[in-house]
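See structure below.
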Amino acid sequence: MKNKILILFVLVFIFNANNINAQGCDSDEPANDSIPAPKIKIFGFFQPEYNYTLSDPSESTFSFRRARIGVRGRVFDDFSYYFMLEASPFIGGVGSAYLMDAFVTWDKFNWAKISVGSFKQPFGLEVTTACSRLTTIERAIVSDQLVSPQRDYGIIVMGGNKYTKLGYSVALMNGTGLNVKDNNNKKDIIGRVTYKLLDFMTLGGSFRYGFPRYDNNDRDLIFGHTRTTYGGDISLNFNNLHIQGEYIHDEGDYNLDAGGGCGSEPLILGEKRDGAYGMVWYDTKWNIQPVFKYEFFDQDLDKKNWVNPNLYSERMTIGVNYFFNDKIRLQVNYQANIETVINVDNDKFLAQIQVVF
């Protein structure tokens with residue numbers, strides 16, 4: 001396995017790829033742009049939300065999806081910094097504001113930028129998309145369940161920007177997630193490569209090789225001592241028409257204590273699991289953006305659906321986004337959850353307004 005890891009590093013540095021998506025939540029942080037950032041900038045966004053679940057009995061609630069504030073800027077010519085707090089009590093389970101992203105970047109060379117601190121794992125297209133730029137209110141189930149923990153502490157090397165066809169990112173991370181102290185010397189290796197094949201087409205691939213660990217529970221590992229995850233994605237942009245798809249496969253042990261992405265409840269997984277989604281949306285001249293998303297997620301590939309139909313799920317999301325301007329956006333989604341054997345009343349209506357500053 002050590003030889004495979006070495007080969008991975010070599011391949012990533014040779015075959016670099018397109019623009020690296022957001023390390024943090026602001027899509028224009030210093031590490032990702034060749035244009036010099038301001039010496040200091042305060043930024044953030046709020047996402048108040050209403051959810052209605054069509055169950056029996058029904059559930060109705062107001063909440064905050066995210067409430068984030070941060071500061072970023074540049075120190076000297078070659079160093080930048082990025083710092084962000086999460087203030088929503090509905091993410092992270094801590095009930096108060098906590099540190100989400102905090103990293104320092106040395107970006108003298110476009111093809112070898114280095115960041116150290118707390119940031120997103122460089123895995124997958126949807127996870128690395130800035131939270132304030134997601135096309136649907138929720139990420140796909142596979143993104144939240146298999147790319148976990150989505151944030152961690154470590155070091156990352158990146159190359160390329162939005163003006164290049166090629167870009168890469170390779171990170172060495174604790175594997176424990178945020179607000180948890182690492183309890184051993186093993187580290188996770190995560191990498192992402194993209195390539196702009198055509199003016200309208202970008203391909204991406206991601207890889208993770210890790211060593212799951214738990215908090216001080218002394219629980220035995222279920223499936224072994226390692227975890228391997230890989231994924232591929234494609235994005236197509238034909239003027240106002242946009243198409244995006246992604247597939248992720250994951251196997252080995254996992255850290256249930258790390259939770260799901262952005263506050264989602266972690267699911268019990270089998271030894272092998274996978275999922276995918278496809279999404280299409282269109283930018284109209286009226287600032288209205290209709291969107292359709294289909295996805296599936298299989299929690300245990302070794303068990304047939306008739307053994308436990310709850311291990312396999314499908315979902316269709318029909319939505320519309322309305323942009324009041326470039327700072328304020330309204331999103332409305334209807335999630336139709338599809339059961340293959342036993343029908344369950346669990347469709348959901350979501351509405352969210354976002355203000356970015």
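By convention in this document, the chains of the structure tokens carry letters A, B, ... by their order, each chain's residues are numbered from 1, and ligands are numbered from 1 in the order they are shown.
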Contacts of A:Ser132 at 12 Å (only C-alpha atoms; same-chain gap of 3+ positions) as an mmCIF file with C-alpha atoms, in the first residue's frame:
```
data_model
loop_
_atom_site.group_PDB
_atom_site.id
_atom_site.type_symbol
_atom_site.label_atom_id
_atom_site.label_comp_id
_atom_site.auth_asym_id
_atom_site.auth_seq_id
_atom_site.Cartn_x
_atom_site.Cartn_y
_atom_site.Cartn_z
ATOM 1 C CA ALA A 22 -13.124 26.457 -2.037
ATOM 2 C CA GLY A 24 -13.294 27.167 3.118
ATOM 3 C CA CYS A 25 -16.772 28.623 2.630
ATOM 4 C CA ASP A 26 -15.856 31.803 0.806
ATOM 5 C CA SER A 27 -15.309 30.917 -2.856
ATOM 6 C CA ASP A 28 -12.772 33.709 -3.380
ATOM 7 C CA PHE A 43 -17.033 38.234 5.029
ATOM 8 C CA GLY A 44 -19.749 35.718 5.774
ATOM 9 C CA PHE A 45 -23.297 34.606 5.065
ATOM 10 C CA PHE A 46 -26.564 33.694 6.798
ATOM 11 C CA GLN A 47 -29.013 30.990 5.725
ATOM 12 C CA ARG A 65 -28.718 26.026 7.951
ATOM 13 C CA ARG A 66 -25.534 28.065 8.384
ATOM 14 C CA ALA A 67 -24.535 31.367 10.013
ATOM 15 C CA ARG A 68 -20.886 32.096 9.332
ATOM 16 C CA GLU A 126 -20.086 19.041 -4.435
ATOM 17 C CA VAL A 127 -18.205 19.033 -1.115
ATOM 18 C CA THR A 128 -15.522 21.415 -2.392
ATOM 19 C CA THR A 129 -18.145 23.775 -3.801
ATOM 20 C CA THR A 135 -27.395 24.879 -6.355
ATOM 21 C CA THR A 136 -29.703 22.891 -4.043
ATOM 22 C CA ILE A 137 -30.245 23.585 -0.348
ATOM 23 C CA GLU A 138 -28.821 20.218 0.686
ATOM 24 C CA ARG A 139 -25.868 18.359 -0.742
ATOM 25 C CA ASP A 326 -25.567 38.975 -6.254
ATOM 26 C CA LYS A 327 -25.850 39.081 -2.433
ATOM 27 C CA ILE A 328 -29.384 37.804 -1.746
ATOM 28 C CA ARG A 329 -30.826 34.513 -2.959
ATOM 29 C CA LEU A 330 -34.048 32.610 -2.256
ATOM 30 C CA GLN A 331 -34.077 28.811 -2.680
ATOM 31 C CA GLN A 352 -34.068 29.154 2.452
ATOM 32 C CA ILE A 353 -32.972 32.747 2.013
ATOM 33 C CA GLN A 354 -29.301 33.598 1.902
ATOM 34 C CA VAL A 355 -27.563 36.908 2.511
ATOM 35 C CA VAL A 356 -23.868 37.163 1.687
ATOM 36 C CA PHE A 357 -21.634 40.010 2.796
#
```
*Mind checking DSSP for stretch 277-323 of chain A and telling me the strand (DSSP E) residues as a ChimeraX atom specification?*
/A:277-282,288-298,312-323
Using only C-alpha atoms, what does the table of stretch 166-236 of chain A residues within 9 Å of stretch 115-122 of chain A look like, with each row giving the shortest atom pair and its distance in Å to one decimal, sorted by chain and ascending number, as JSON lines?
```
{"residue": "A:Ser169", "atom": "CA", "partner": "A:Pro122", "partner_atom": "CA", "distance": 6.4}
{"residue": "A:Val170", "atom": "CA", "partner": "A:Pro122", "partner_atom": "CA", "distance": 7.2}
{"residue": "A:Ala171", "atom": "CA", "partner": "A:Pro122", "partner_atom": "CA", "distance": 7.2}
{"residue": "A:Met173", "atom": "CA", "partner": "A:Gln121", "partner_atom": "CA", "distance": 8.2}
{"residue": "A:Leu178", "atom": "CA", "partner": "A:Ser118", "partner_atom": "CA", "distance": 7.9}
{"residue": "A:Ile190", "atom": "CA", "partner": "A:Pro122", "partner_atom": "CA", "distance": 6.5}
{"residue": "A:Gly191", "atom": "CA", "partner": "A:Pro122", "partner_atom": "CA", "distance": 6.0}
{"residue": "A:Arg192", "atom": "CA", "partner": "A:Pro122", "partner_atom": "CA", "distance": 5.9}
{"residue": "A:Ser206", "atom": "CA", "partner": "A:Pro122", "partner_atom": "CA", "distance": 7.8}
{"residue": "A:Phe207", "atom": "CA", "partner": "A:Pro122", "partner_atom": "CA", "distance": 8.9}
```
